[in-house]
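> model_36.cif is reproduced below (mmCIF, C-alpha atoms and all ligand atoms).
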data_data
#
loop_
_atom_site.label_atom_id
_atom_site.label_comp_id
_atom_site.auth_asym_id
_atom_site.auth_seq_id
_atom_site.Cartn_x
_atom_site.Cartn_y
_atom_site.Cartn_z
CA MET A 1 -49.64 -141.87 10.03
CA THR A 2 -47.45 -143.39 12.75
CA ALA A 3 -44.42 -141.87 14.49
CA VAL A 4 -41.53 -140.92 12.24
CA HIS A 5 -38.09 -142.40 12.84
CA PHE A 6 -35.58 -139.73 11.93
CA PRO A 7 -32.19 -140.65 10.55
CA PRO A 8 -29.75 -140.44 13.46
CA SER A 9 -28.08 -137.12 14.14
CA THR A 10 -24.62 -137.03 15.59
CA ALA A 11 -25.70 -134.62 18.34
CA PHE A 12 -29.46 -134.76 18.83
CA HIS A 13 -31.18 -137.86 20.23
CA TYR A 14 -34.05 -138.81 22.52
CA ARG A 15 -33.22 -139.78 26.08
CA ASN A 16 -36.05 -140.50 28.56
CA GLY A 17 -38.50 -139.17 25.98
CA ILE A 18 -36.81 -135.75 25.64
CA LEU A 19 -34.66 -134.61 22.73
CA HIS A 20 -31.14 -133.89 23.98
CA CYS A 21 -28.12 -132.13 22.56
CA ASP A 22 -25.39 -134.45 23.78
CA ASP A 23 -26.08 -134.64 27.56
CA VAL A 24 -28.38 -131.63 27.80
CA PRO A 25 -32.19 -131.81 27.44
CA LEU A 26 -33.38 -129.17 24.98
CA THR A 27 -36.22 -128.34 27.40
CA ASP A 28 -33.51 -126.78 29.64
CA LEU A 29 -32.31 -124.49 26.84
CA ALA A 30 -35.53 -122.82 25.69
CA ASP A 31 -36.79 -119.56 27.17
CA GLU A 32 -39.82 -117.39 26.59
CA GLY A 33 -37.89 -114.75 24.62
CA GLY A 34 -38.02 -116.42 21.20
CA PRO A 35 -36.15 -119.06 19.23
CA THR A 36 -32.70 -120.33 20.24
CA TRP A 37 -29.87 -121.81 18.21
CA VAL A 38 -28.21 -124.79 19.91
CA TYR A 39 -24.84 -126.14 18.76
CA SER A 40 -22.86 -129.18 19.88
CA ALA A 41 -19.17 -128.41 20.30
CA ARG A 42 -18.39 -132.12 20.28
CA VAL A 43 -19.94 -132.57 16.82
CA VAL A 44 -17.97 -129.60 15.42
CA ASP A 45 -14.77 -131.21 16.77
CA GLN A 46 -15.72 -134.58 15.30
CA ALA A 47 -16.59 -133.15 11.89
CA TYR A 48 -13.28 -131.28 11.74
CA ALA A 49 -11.39 -134.46 12.67
CA ALA A 50 -13.25 -136.42 9.95
CA VAL A 51 -12.35 -133.90 7.22
CA ASP A 52 -8.78 -133.73 8.55
CA GLN A 53 -8.55 -137.51 8.31
CA ALA A 54 -9.98 -137.49 4.78
CA MET A 55 -7.34 -134.95 3.75
CA SER A 56 -4.43 -136.86 5.27
CA PHE A 57 -3.20 -137.93 1.82
CA ALA A 58 -1.25 -134.65 1.52
CA PRO A 59 -0.07 -131.64 3.51
CA HIS A 60 -3.26 -129.63 3.81
CA LEU A 61 -5.09 -126.65 5.26
CA ILE A 62 -8.76 -126.83 6.21
CA ALA A 63 -9.93 -123.27 5.59
CA TYR A 64 -13.34 -123.27 7.28
CA ALA A 65 -15.88 -121.25 5.29
CA VAL A 66 -16.82 -118.61 7.87
CA LYS A 67 -19.99 -117.76 5.94
CA ALA A 68 -21.50 -121.03 7.17
CA ASN A 69 -21.40 -119.95 10.82
CA GLY A 70 -19.11 -117.20 12.05
CA ASN A 71 -19.95 -117.41 15.75
CA LEU A 72 -16.73 -116.51 17.57
CA ALA A 73 -16.91 -119.50 19.92
CA ILE A 74 -17.20 -121.92 17.01
CA LEU A 75 -14.45 -120.16 15.06
CA ALA A 76 -12.14 -120.15 18.08
CA ARG A 77 -12.75 -123.84 18.62
CA LEU A 78 -11.94 -124.65 15.00
CA ALA A 79 -8.88 -122.39 15.06
CA LYS A 80 -7.59 -124.24 18.11
CA ALA A 81 -8.03 -127.53 16.27
CA GLY A 82 -5.82 -126.17 13.48
CA ALA A 83 -8.36 -124.78 11.02
CA GLY A 84 -7.82 -121.74 8.87
CA ALA A 85 -10.62 -119.65 7.41
CA ASP A 86 -12.15 -118.99 4.01
CA ILE A 87 -13.58 -115.47 4.15
CA VAL A 88 -15.55 -113.25 1.82
CA SER A 89 -15.52 -109.74 3.36
CA GLU A 90 -13.65 -107.47 5.73
CA GLY A 91 -16.27 -108.32 8.34
CA GLU A 92 -15.44 -112.00 8.10
CA LEU A 93 -11.71 -111.23 8.08
CA ARG A 94 -11.91 -109.23 11.33
CA ARG A 95 -14.13 -111.90 12.86
CA ALA A 96 -11.69 -114.70 11.99
CA LEU A 97 -8.72 -112.75 13.34
CA ARG A 98 -10.68 -111.85 16.49
CA ALA A 99 -11.38 -115.56 17.07
CA GLY A 100 -7.69 -116.37 16.82
CA VAL A 101 -7.33 -117.68 13.26
CA PRO A 102 -3.78 -116.73 12.17
CA ALA A 103 -3.68 -114.53 9.04
CA ASP A 104 -1.36 -117.07 7.48
CA ARG A 105 -4.24 -119.57 7.47
CA ILE A 106 -6.83 -117.26 5.91
CA VAL A 107 -7.87 -117.28 2.25
CA TRP A 108 -10.17 -114.62 0.79
CA SER A 109 -12.44 -115.98 -1.89
CA GLY A 110 -15.15 -113.70 -3.17
CA VAL A 111 -16.57 -112.47 -6.41
CA GLY A 112 -16.45 -108.73 -5.61
CA LYS A 113 -14.08 -106.94 -3.23
CA ARG A 114 -14.14 -103.19 -2.54
CA ASP A 115 -10.96 -101.05 -2.79
CA ARG A 116 -10.77 -100.76 0.97
CA GLU A 117 -11.19 -104.51 1.39
CA LEU A 118 -8.39 -105.22 -1.06
CA ARG A 119 -6.12 -102.71 0.72
CA VAL A 120 -6.87 -104.27 4.12
CA ALA A 121 -6.40 -107.79 2.76
CA ALA A 122 -3.13 -106.83 1.08
CA GLY A 123 -1.77 -105.50 4.37
CA ALA A 124 -2.98 -108.38 6.53
CA GLY A 125 -0.52 -111.04 5.39
CA LEU A 126 -3.19 -113.51 4.33
CA ARG A 127 -2.37 -116.94 2.93
CA ALA A 128 -4.03 -115.99 -0.33
CA ILE A 129 -6.36 -113.46 -1.89
CA HIS A 130 -8.23 -115.16 -4.69
CA ILE A 131 -8.26 -113.00 -7.80
CA GLU A 132 -11.60 -113.25 -9.60
CA CYS A 133 -11.44 -110.31 -12.01
CA ILE A 134 -8.87 -108.08 -13.71
CA GLU A 135 -9.83 -105.08 -11.56
CA GLU A 136 -8.65 -106.95 -8.47
CA LEU A 137 -5.32 -107.76 -10.08
CA ASP A 138 -4.82 -104.07 -10.99
CA LEU A 139 -5.54 -102.88 -7.46
CA LEU A 140 -3.61 -105.57 -5.61
CA GLU A 141 -0.59 -104.90 -7.76
CA ARG A 142 -0.73 -101.29 -6.49
CA PHE A 143 -1.30 -102.28 -2.86
CA GLY A 144 1.62 -104.73 -2.66
CA SER A 145 5.28 -103.75 -2.46
CA PRO A 146 8.51 -105.45 -3.56
CA ASP A 147 9.44 -105.88 0.14
CA ALA A 148 6.10 -107.44 0.99
CA PRO A 149 4.55 -108.91 -2.13
CA VAL A 150 0.88 -109.84 -1.74
CA ARG A 151 0.24 -113.57 -1.91
CA VAL A 152 -2.50 -114.29 -4.40
CA ALA A 153 -4.24 -117.23 -6.07
CA LEU A 154 -6.10 -117.31 -9.35
CA ARG A 155 -9.65 -118.58 -8.93
CA ILE A 156 -10.72 -120.34 -12.08
CA ASN A 157 -14.21 -121.28 -13.16
CA PRO A 158 -13.76 -124.88 -14.35
CA ASP A 159 -17.20 -125.11 -16.05
CA VAL A 160 -18.08 -128.23 -14.07
CA ASP A 161 -21.69 -128.90 -13.07
CA SER A 162 -21.85 -129.66 -9.34
CA GLY A 163 -25.30 -131.22 -9.65
CA SER A 164 -26.47 -129.28 -6.59
CA HIS A 165 -29.24 -126.65 -6.31
CA PRO A 166 -28.71 -123.95 -8.99
CA TYR A 167 -28.26 -121.30 -6.27
CA LEU A 168 -25.47 -123.43 -4.75
CA SER A 169 -23.66 -124.15 -8.03
CA THR A 170 -20.71 -121.86 -8.64
CA GLY A 171 -18.45 -123.70 -11.08
CA LEU A 172 -20.27 -123.20 -14.38
CA HIS A 173 -19.43 -120.52 -16.91
CA SER A 174 -23.04 -119.35 -16.65
CA THR A 175 -22.35 -118.19 -13.06
CA LYS A 176 -20.50 -115.06 -11.93
CA PHE A 177 -17.69 -116.88 -10.12
CA GLY A 178 -14.00 -117.20 -10.96
CA LEU A 179 -12.19 -116.66 -14.26
CA GLU A 180 -12.44 -118.79 -17.36
CA VAL A 181 -9.20 -120.73 -17.69
CA ALA A 182 -8.28 -118.90 -20.90
CA VAL A 183 -8.60 -115.55 -19.11
CA ALA A 184 -6.63 -116.79 -16.08
CA ARG A 185 -3.95 -118.11 -18.43
CA SER A 186 -3.66 -114.74 -20.13
CA LEU A 187 -2.81 -113.15 -16.75
CA LEU A 188 0.09 -115.51 -16.05
CA PRO A 189 2.92 -113.53 -17.69
CA ARG A 190 1.90 -110.39 -15.83
CA LEU A 191 1.60 -112.20 -12.50
CA VAL A 192 4.90 -114.00 -12.84
CA GLN A 193 6.70 -110.74 -13.63
CA SER A 194 4.98 -108.70 -10.96
CA ARG A 195 7.29 -107.38 -8.22
CA THR A 196 4.42 -106.70 -5.86
CA LEU A 197 2.41 -109.92 -6.21
CA ARG A 198 3.31 -113.58 -5.68
CA LEU A 199 1.15 -116.16 -7.41
CA GLU A 200 1.22 -118.90 -4.76
CA GLY A 201 -2.04 -120.68 -5.46
CA VAL A 202 -4.82 -121.75 -7.76
CA ALA A 203 -8.40 -122.13 -6.59
CA CYS A 204 -11.94 -122.99 -7.65
CA HIS A 205 -15.26 -123.96 -6.05
CA VAL A 206 -17.84 -125.97 -7.98
CA GLY A 207 -20.67 -125.73 -5.51
CA SER A 208 -22.12 -126.76 -2.20
CA GLN A 209 -23.83 -129.84 -0.84
CA LEU A 210 -22.41 -132.18 -3.49
CA ASP A 211 -24.23 -135.52 -3.50
CA SER A 212 -21.39 -137.15 -5.41
CA PRO A 213 -17.63 -136.61 -5.28
CA VAL A 214 -17.35 -136.95 -9.08
CA PRO A 215 -17.66 -133.20 -9.94
CA LEU A 216 -15.06 -132.41 -7.26
CA ARG A 217 -12.64 -134.88 -8.80
CA GLU A 218 -13.11 -133.41 -12.28
CA ALA A 219 -12.77 -129.80 -11.06
CA THR A 220 -9.64 -130.73 -9.11
CA ARG A 221 -8.17 -132.37 -12.21
CA LEU A 222 -8.75 -129.24 -14.28
CA LEU A 223 -7.38 -127.06 -11.49
CA ALA A 224 -4.28 -129.23 -11.15
CA LEU A 225 -3.68 -129.01 -14.91
CA PHE A 226 -3.84 -125.24 -14.58
CA ALA A 227 -1.44 -125.43 -11.61
CA ARG A 228 1.01 -127.20 -13.93
CA GLU A 229 0.72 -124.32 -16.39
CA CYS A 230 1.40 -121.81 -13.60
CA LEU A 231 4.50 -123.72 -12.50
CA ASP A 232 5.70 -124.01 -16.09
CA ALA A 233 5.25 -120.26 -16.48
CA GLY A 234 7.56 -119.75 -13.49
CA ALA A 235 5.04 -119.02 -10.70
CA PRO A 236 6.20 -119.88 -7.14
CA LEU A 237 3.08 -122.00 -6.65
CA ARG A 238 2.57 -123.54 -3.18
CA SER A 239 -1.03 -124.64 -3.01
CA ILE A 240 -4.06 -125.91 -4.84
CA ASP A 241 -7.52 -125.14 -3.44
CA PRO A 242 -10.51 -126.92 -5.00
CA GLY A 243 -12.96 -125.14 -2.64
CA GLY A 244 -15.78 -126.60 -0.55
CA GLY A 245 -18.74 -128.78 -1.37
CA TRP A 246 -18.48 -131.39 1.39
CA PRO A 247 -22.10 -132.33 2.10
CA MET A 248 -24.03 -132.71 5.37
CA SER A 249 -27.23 -134.39 6.50
CA TYR A 250 -30.35 -132.30 6.99
CA GLY A 251 -32.07 -135.16 8.76
CA ALA A 252 -34.37 -135.92 5.84
CA GLU A 253 -35.03 -139.34 4.45
CA GLU A 254 -32.43 -138.41 1.84
CA THR A 255 -30.17 -140.92 0.13
CA PRO A 256 -27.14 -141.14 2.40
CA PHE A 257 -24.16 -139.12 1.18
CA PRO A 258 -20.83 -140.69 0.38
CA PRO A 259 -18.64 -140.43 3.51
CA HIS A 260 -16.13 -137.59 3.93
CA GLN A 261 -13.39 -140.04 3.02
CA ALA A 262 -14.81 -140.16 -0.53
CA PHE A 263 -14.47 -136.38 -0.96
CA GLY A 264 -10.87 -136.39 0.25
CA ALA A 265 -10.20 -139.32 -2.09
CA ALA A 266 -11.81 -137.39 -4.98
CA ILE A 267 -9.44 -134.46 -4.44
CA ALA A 268 -6.45 -136.84 -4.29
CA ALA A 269 -7.67 -138.61 -7.44
CA GLY A 270 -8.19 -135.33 -9.33
CA ILE A 271 -4.63 -134.29 -8.56
CA ALA A 272 -3.37 -137.73 -9.61
CA ASP A 273 -5.47 -137.62 -12.84
CA ALA A 274 -3.54 -134.48 -13.80
CA GLY A 275 -0.23 -136.18 -12.99
CA MET A 276 0.41 -133.66 -10.20
CA SER A 277 0.64 -135.90 -7.12
CA ASP A 278 4.39 -135.37 -6.88
CA ALA A 279 4.33 -131.61 -7.42
CA GLY A 280 4.62 -131.01 -3.67
CA LEU A 281 1.61 -128.69 -3.51
CA GLU A 282 -0.25 -128.14 -0.27
CA VAL A 283 -3.97 -128.85 -0.65
CA VAL A 284 -6.45 -126.32 0.73
CA THR A 285 -10.09 -127.23 1.21
CA GLU A 286 -12.95 -124.93 2.25
CA PRO A 287 -15.67 -126.92 4.02
CA GLY A 288 -18.44 -124.89 5.63
CA ARG A 289 -21.66 -126.76 6.28
CA ALA A 290 -19.94 -130.14 6.72
CA LEU A 291 -18.20 -128.83 9.86
CA VAL A 292 -21.12 -127.13 11.60
CA GLY A 293 -24.44 -127.95 9.91
CA ASP A 294 -25.40 -131.13 11.70
CA ALA A 295 -24.03 -129.70 14.95
CA GLY A 296 -26.88 -127.20 15.20
CA ILE A 297 -30.64 -126.96 15.56
CA LEU A 298 -33.08 -124.09 15.76
CA LEU A 299 -35.28 -124.52 18.83
CA VAL A 300 -38.73 -123.03 18.28
CA ARG A 301 -41.96 -122.89 20.30
CA VAL A 302 -45.45 -123.65 19.03
CA LEU A 303 -47.77 -120.63 19.11
CA ALA A 304 -50.86 -122.10 17.50
CA GLU A 305 -52.28 -124.75 15.26
CA LYS A 306 -54.94 -124.09 12.66
CA HIS A 307 -56.61 -125.95 9.83
CA GLN A 308 -57.47 -123.97 6.78
CA GLY A 309 -57.88 -124.68 3.06
CA GLY A 310 -57.37 -128.39 3.69
CA ARG A 311 -53.96 -127.84 5.29
CA ARG A 312 -52.71 -128.15 8.83
CA PHE A 313 -50.59 -125.16 9.91
CA VAL A 314 -48.38 -125.31 12.97
CA ILE A 315 -47.39 -121.71 13.75
CA VAL A 316 -44.12 -121.37 15.66
CA ASP A 317 -42.08 -118.46 17.02
CA GLY A 318 -39.18 -119.10 14.60
CA ALA A 319 -39.43 -117.95 11.00
CA MET A 320 -37.67 -117.23 7.72
CA THR A 321 -35.99 -114.40 9.64
CA GLU A 322 -34.00 -117.04 11.54
CA LEU A 323 -33.77 -119.86 8.97
CA VAL A 324 -34.31 -118.59 5.44
CA ARG A 325 -33.09 -121.72 3.66
CA PRO A 326 -36.53 -123.36 3.21
CA ALA A 327 -37.95 -120.13 1.71
CA LEU A 328 -34.85 -119.39 -0.36
CA TYR A 329 -33.94 -122.81 -1.74
CA GLY A 330 -36.93 -124.97 -0.81
CA ALA A 331 -34.43 -126.63 1.53
CA HIS A 332 -35.52 -129.58 3.63
CA HIS A 333 -34.74 -129.51 7.37
CA ALA A 334 -36.14 -132.30 9.52
CA VAL A 335 -38.54 -131.10 12.24
CA MET A 336 -38.45 -133.09 15.47
CA PRO A 337 -40.75 -132.67 18.47
CA VAL A 338 -38.65 -132.09 21.60
CA ARG A 339 -40.95 -134.40 23.59
CA GLU A 340 -40.86 -137.80 21.93
CA HIS A 341 -44.25 -138.78 20.58
CA LEU A 342 -45.14 -142.33 19.69
CA GLY A 343 -48.83 -141.80 18.82
CA GLU A 344 -50.49 -140.60 15.61
CA TRP A 345 -48.76 -138.06 13.34
CA SER A 346 -50.17 -136.11 10.42
CA ALA A 347 -48.78 -133.81 7.75
CA ALA A 348 -48.35 -130.16 8.71
CA ASP A 349 -46.81 -126.94 7.41
CA VAL A 350 -44.50 -125.46 10.04
CA VAL A 351 -44.73 -121.71 9.54
CA GLY A 352 -43.52 -118.57 11.29
CA PRO A 353 -45.15 -115.27 12.27
CA VAL A 354 -43.62 -113.27 9.39
CA CYS A 355 -46.05 -111.62 6.96
CA GLU A 356 -45.06 -113.61 3.88
CA SER A 357 -46.73 -116.72 2.48
CA GLY A 358 -43.20 -117.88 1.73
CA ASP A 359 -42.43 -117.88 5.44
CA PHE A 360 -42.24 -121.58 6.18
CA LEU A 361 -39.72 -123.87 7.88
CA ALA A 362 -41.25 -127.09 6.54
CA ARG A 363 -44.15 -128.06 4.31
CA GLY A 364 -46.34 -131.16 4.42
CA ARG A 365 -44.16 -132.71 7.09
CA PRO A 366 -45.34 -135.41 9.56
CA LEU A 367 -45.86 -134.01 13.07
CA PRO A 368 -47.65 -135.29 16.17
CA ALA A 369 -50.43 -133.38 17.86
CA VAL A 370 -48.99 -130.18 19.33
CA LYS A 371 -50.27 -127.37 21.51
CA ARG A 372 -49.14 -123.83 22.32
CA GLY A 373 -45.89 -123.90 24.28
CA ASP A 374 -44.54 -127.20 22.86
CA LEU A 375 -40.99 -127.14 21.53
CA LEU A 376 -39.79 -128.29 18.10
CA ALA A 377 -36.22 -128.68 16.85
CA ILE A 378 -35.38 -127.76 13.25
CA ARG A 379 -32.44 -129.95 12.34
CA GLY A 380 -29.33 -129.31 10.27
CA ALA A 381 -29.48 -125.60 11.14
CA GLY A 382 -25.88 -125.07 12.28
CA ALA A 383 -24.82 -123.77 8.86
CA TYR A 384 -26.29 -120.84 6.93
CA GLY A 385 -28.87 -120.40 9.69
CA ARG A 386 -27.93 -117.59 12.05
CA GLU A 387 -25.58 -116.18 9.37
CA MET A 388 -28.38 -115.61 6.87
CA SER A 389 -30.86 -114.32 9.41
CA SER A 390 -32.48 -110.89 9.36
CA THR A 391 -34.52 -108.64 11.62
CA TYR A 392 -37.37 -108.32 9.12
CA ASN A 393 -40.74 -107.62 10.74
CA GLY A 394 -38.96 -106.12 13.76
CA ARG A 395 -37.64 -109.42 15.06
CA PRO A 396 -34.41 -109.19 17.11
CA ALA A 397 -31.75 -111.85 16.47
CA ALA A 398 -32.17 -115.17 18.27
CA ARG A 399 -29.62 -116.20 20.90
CA GLU A 400 -27.03 -118.96 20.45
CA ILE A 401 -26.04 -121.63 22.96
CA LEU A 402 -23.02 -123.92 22.71
CA VAL A 403 -23.29 -127.32 24.41
CA ASP A 404 -20.07 -128.95 25.47
CA GLY A 405 -20.86 -132.32 27.05
CA LYS A 406 -22.90 -131.48 30.15
CA LYS A 407 -21.94 -127.79 30.08
CA THR A 408 -23.77 -125.04 28.22
CA ARG A 409 -22.66 -121.53 27.37
CA MET A 410 -24.57 -118.66 25.82
CA VAL A 411 -22.26 -117.65 22.98
CA ARG A 412 -24.49 -114.88 21.66
CA ARG A 413 -27.19 -113.05 23.55
CA ARG A 414 -30.56 -112.34 22.06
CA GLY A 415 -30.80 -109.08 20.12
CA THR A 416 -32.65 -106.38 22.01
CA ILE A 417 -35.62 -104.45 20.73
CA SER A 418 -33.67 -101.16 20.85
CA SER A 419 -30.86 -102.75 18.80
CA LEU A 420 -33.35 -102.76 15.92
CA TRP A 421 -33.02 -98.97 15.52
CA ALA A 422 -29.66 -98.40 17.24
CA LEU A 423 -28.04 -97.03 14.07
CA GLU A 424 -31.00 -94.91 12.92
CA GLU A 425 -31.84 -91.22 13.31
CA PRO A 426 -35.47 -90.26 13.91
C1 LIG B 501 -15.68 -120.19 -2.33
C2 LIG B 501 -16.46 -121.00 -1.36
N1 LIG B 501 -15.81 -121.89 -0.59
C3 LIG B 501 -16.46 -122.64 0.30
C4 LIG B 501 -17.83 -122.57 0.47
C5 LIG B 501 -18.46 -123.41 1.49
O1 LIG B 501 -19.42 -124.25 1.00
P1 LIG B 501 -20.03 -125.37 1.91
O2 LIG B 501 -20.60 -124.74 3.13
O3 LIG B 501 -21.07 -125.99 1.10
O4 LIG B 501 -18.93 -126.31 2.25
C6 LIG B 501 -18.55 -121.67 -0.34
C7 LIG B 501 -20.02 -121.57 -0.21
O5 LIG B 501 -20.67 -120.75 -0.75
C8 LIG B 501 -17.85 -120.88 -1.27
O6 LIG B 501 -18.49 -120.00 -2.05
#
Can you dump the structure from the file as structure tokens?
Ligand SMILES: Cc1ncc(COP(=O)(O)O)c(C=O)c1O


Amino acid sequence: MTAVHFPPSTAFHYRNGILHCDDVPLTDLADEGGPTWVYSARVVDQAYAAVDQAMSFAPHLIAYAVKANGNLAILARLAKAGAGADIVSEGELRRALRAGVPADRIVWSGVGKRDRELRVAAGAGLRAIHIECIEELDLLERFGSPDAPVRVALRINPDVDSGSHPYLSTGLHSTKFGLEVAVARSLLPRLVQSRTLRLEGVACHVGSQLDSPVPLREATRLLALFARECLDAGAPLRSIDPGGGWPMSYGAEETPFPPHQAFGAAIAAGIADAGMSDAGLEVVTEPGRALVGDAGILLVRVLAEKHQGGRRFVIVDGAMTELVRPALYGAHHAVMPVREHLGEWSAADVVGPVCESGDFLARGRPLPAVKRGDLLAIRGAGAYGREMSSTYNGRPAAREILVDGKKTRMVRRRGTISSLWALEEP
């Protein structure tokens, strides 16, 4: 097997035989303490600008899905560019506010919210709290006041198949998300009459990593039809939010995705299909991975190589504790050697030190000869990487470095060993 030519990444490329993040060689960013996340600030900026451009057909808000990567430096950068935030917990709310996202640009979308969370959200002046069950409507009605009505949106479940991995599909009736349109419709009279709530929006989310804009167009059409019903019922509707789903490249030999422009166009077309283009609604979108995924890699170090049961195992210091996506979804992340290698390659499983057979970062993937100490970059790790990590097997959190042109900044220190039991009592 000869050397693999990886599809180009916007941030990571070989220069003088060394993989760089923008102008910085990754060999300068590794240490002996364990794996390191590396993010390109430039690529985050570029991705935001591309989505912004794709949404230019209407007044819009890009509510970045904090769950993809809530690092404060990244959030602050996006907030400065004009982004809002899509959050799912009080933790994410406080994080977004701490990073400088104005409350007026924050939407709270989530399938289960505790009493305390609803009370905090109601008092925070958010752009919208997405109602996903009757219990939330009951509580929010109590937490609002006629002087300061709580701004809410109804999140519907449009029963549209996103075509993505079942764990990433959220817009079918067989999933727990949103309200069936008939149920949402039945709440309209109560919402319109409420003195403590203002129904300002409608929302949905069909799923993540869409490989076609068609489901987004259909979901937006159904959502816009429901928006018409809300307006007809007398709701002071301001916005329509068809969720996220903008895809990203994981550096695999995957079929290229339609460009961002196609997803913006799909939202515009869905609104037009429903005859709602002139309704004057602001359009909210909730991209997560598309803004940060390709901007990040997980930098890991080879610990050993062994051949066993007819397979080649490359054991590295990163694991499912850092990047769980391969174990959880069978997700594909390209693995690139940090030192460019033009000789022979052969298939290998890239596995971590965690005591689970499911602990792998890649399976049957071409890799050159490696030895202990060599560095590998796991691509497309800027989204749902650090956020989904754990300290299983007593592994402190990896550090995070933000590259900005030639400059680098540690934006999160490595977890310490004592932090593993800091909240425990012996
Ligand atoms: C409601 C909602 N909005 C937005 C997103 C972001 O998805 P993505 O990162 O694929 O853009 C998610 C992902 O789970 C979501 O549940």

> Which distance in Å separates CA of Ala68 in chain A and CA of Leu303 in chain A, to one decimal?

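Going from CA of Ala68 in chain A over to CA of Leu303 in chain A, I get 28.9 Å.
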
> Could you pull the residues within 12 Å of Phe57 in chain A, counting all atoms listed in the file, minus those fewer than 5 positions along the same chain, as a list in words?

Val51, Asp52, Gln261, Phe263, Gly264, Ala265, Ala266, Ile267, Ala268, Ala269, Ile271, Ala272, Ser277, Asp278, Gly280, Leu281, Glu282 and Val283 of chain A

> May I have the residues within 9 Å of range 234-238 of chain A as a list of chain:residue names, using only C-alpha atoms and disregarding those fewer than 4 positions away in the same chain?

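So, after excluding close chain neighbours, the residues are A:Ala153, A:Leu188, A:Pro189, A:Leu191, A:Val192, A:Gln193, A:Arg198, A:Leu199, A:Glu200, A:Gly201, A:Val202, A:Ala227, A:Glu229, A:Cys230, A:Gly280, A:Leu281, A:Glu282, A:Val283.
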
> Give as a VMD selection string every residue, naming chains and numbers as the document does, that has an atom within 12 Å of (-30.2, -140.8, 13.9), counting only C-alpha atoms.

chain A and resid 4 to 14 19 249 to 253 256 294 334 336 379

> Those same residues - C-alpha atoms - I'd like them written as a tab-separated table (two decimals), in the coordinates of the input.


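Written file, result_10.tsv:
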chain	number	residue	atom	x	y	z
A	4	VAL	CA	-41.53	-140.92	12.24
A	5	HIS	CA	-38.09	-142.40	12.84
A	6	PHE	CA	-35.58	-139.73	11.93
A	7	PRO	CA	-32.19	-140.65	10.55
A	8	PRO	CA	-29.75	-140.44	13.46
A	9	SER	CA	-28.08	-137.12	14.14
A	10	THR	CA	-24.62	-137.03	15.59
A	11	ALA	CA	-25.70	-134.62	18.34
A	12	PHE	CA	-29.46	-134.76	18.83
A	13	HIS	CA	-31.18	-137.86	20.23
A	14	TYR	CA	-34.05	-138.81	22.52
A	19	LEU	CA	-34.66	-134.61	22.73
A	249	SER	CA	-27.23	-134.39	6.50
A	250	TYR	CA	-30.35	-132.30	6.99
A	251	GLY	CA	-32.07	-135.16	8.76
A	252	ALA	CA	-34.37	-135.92	5.84
A	253	GLU	CA	-35.03	-139.34	4.45
A	256	PRO	CA	-27.14	-141.14	2.40
A	294	ASP	CA	-25.40	-131.13	11.70
A	334	ALA	CA	-36.14	-132.30	9.52
A	336	MET	CA	-38.45	-133.09	15.47
A	379	ARG	CA	-32.44	-129.95	12.34

> Please identify every polymer residue within 8 Å of ligand LIG 501 (chain B), using only C-alpha atoms and all ligand atoms, and present the set as a list in words.

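Using only C-alpha atoms and all ligand atoms, I find these residues within 8 Å of ligand LIG 501 (chain B): Tyr64, Ala65, Lys67, Ala68, Asp86, Ser109, Gly110, Leu168, Thr170, Cys204, His205, Gly207, Ser208, Gln209, Leu210, Gly243, Gly244, Gly245, Trp246, Pro247, Thr285, Glu286, Pro287, Gly288, Arg289, Ala290, Ala383 and Tyr384 of chain A.
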
> Could you list, as a ChimeraX atom specification, every residue within 12 Å of Leu328 in chain A, counting only C-alpha atoms and ignoring same-chain residues fewer than 5 positions away?

/A:165-168,320-321,323,358-361,384-385,388-389

> Counting only C-alpha atoms, figure out which residue out of A:Met276, A:Leu216, A:Ala76, A:Val111 gets nearest to Leu231 in chain A.

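Comparing A:Met276, A:Leu216, A:Ala76, A:Val111 against Leu231 in chain A, the winner is A:Met276.
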
> Using all atoms listed in the file, pick whichever of A:Val324, A:Ser239, A:Val88, A:Glu117 has the shortest atom-to-atom distance to Arg151 in chain A.

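Once distances to Arg151 in chain A are computed over all atoms listed in the file, the minimum belongs to A:Ser239.
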
> Which is closer to Glu136 in chain A than all the others in A:Gly380, A:Gly112, A:Gly34, A:Pro242, using all atoms listed in the file?

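Going through A:Gly380, A:Gly112, A:Gly34, A:Pro242 one by one, the smallest distance to Glu136 in chain A is for A:Gly112.
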
> Mind giving me the straight-line distance from CA of Asn71 in chain A to CA of Met248 in chain A in Å, one decimal?

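So the two atoms, CA of Asn71 in chain A and CA of Met248 in chain A, lie 18.9 Å apart.
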
> Could you check which of A:Arg372, A:Arg95, A:Arg363, A:Arg217 is closest to Arg301 in chain A, using only C-alpha atoms?

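So, comparing all the options, the nearest one is A:Arg372.
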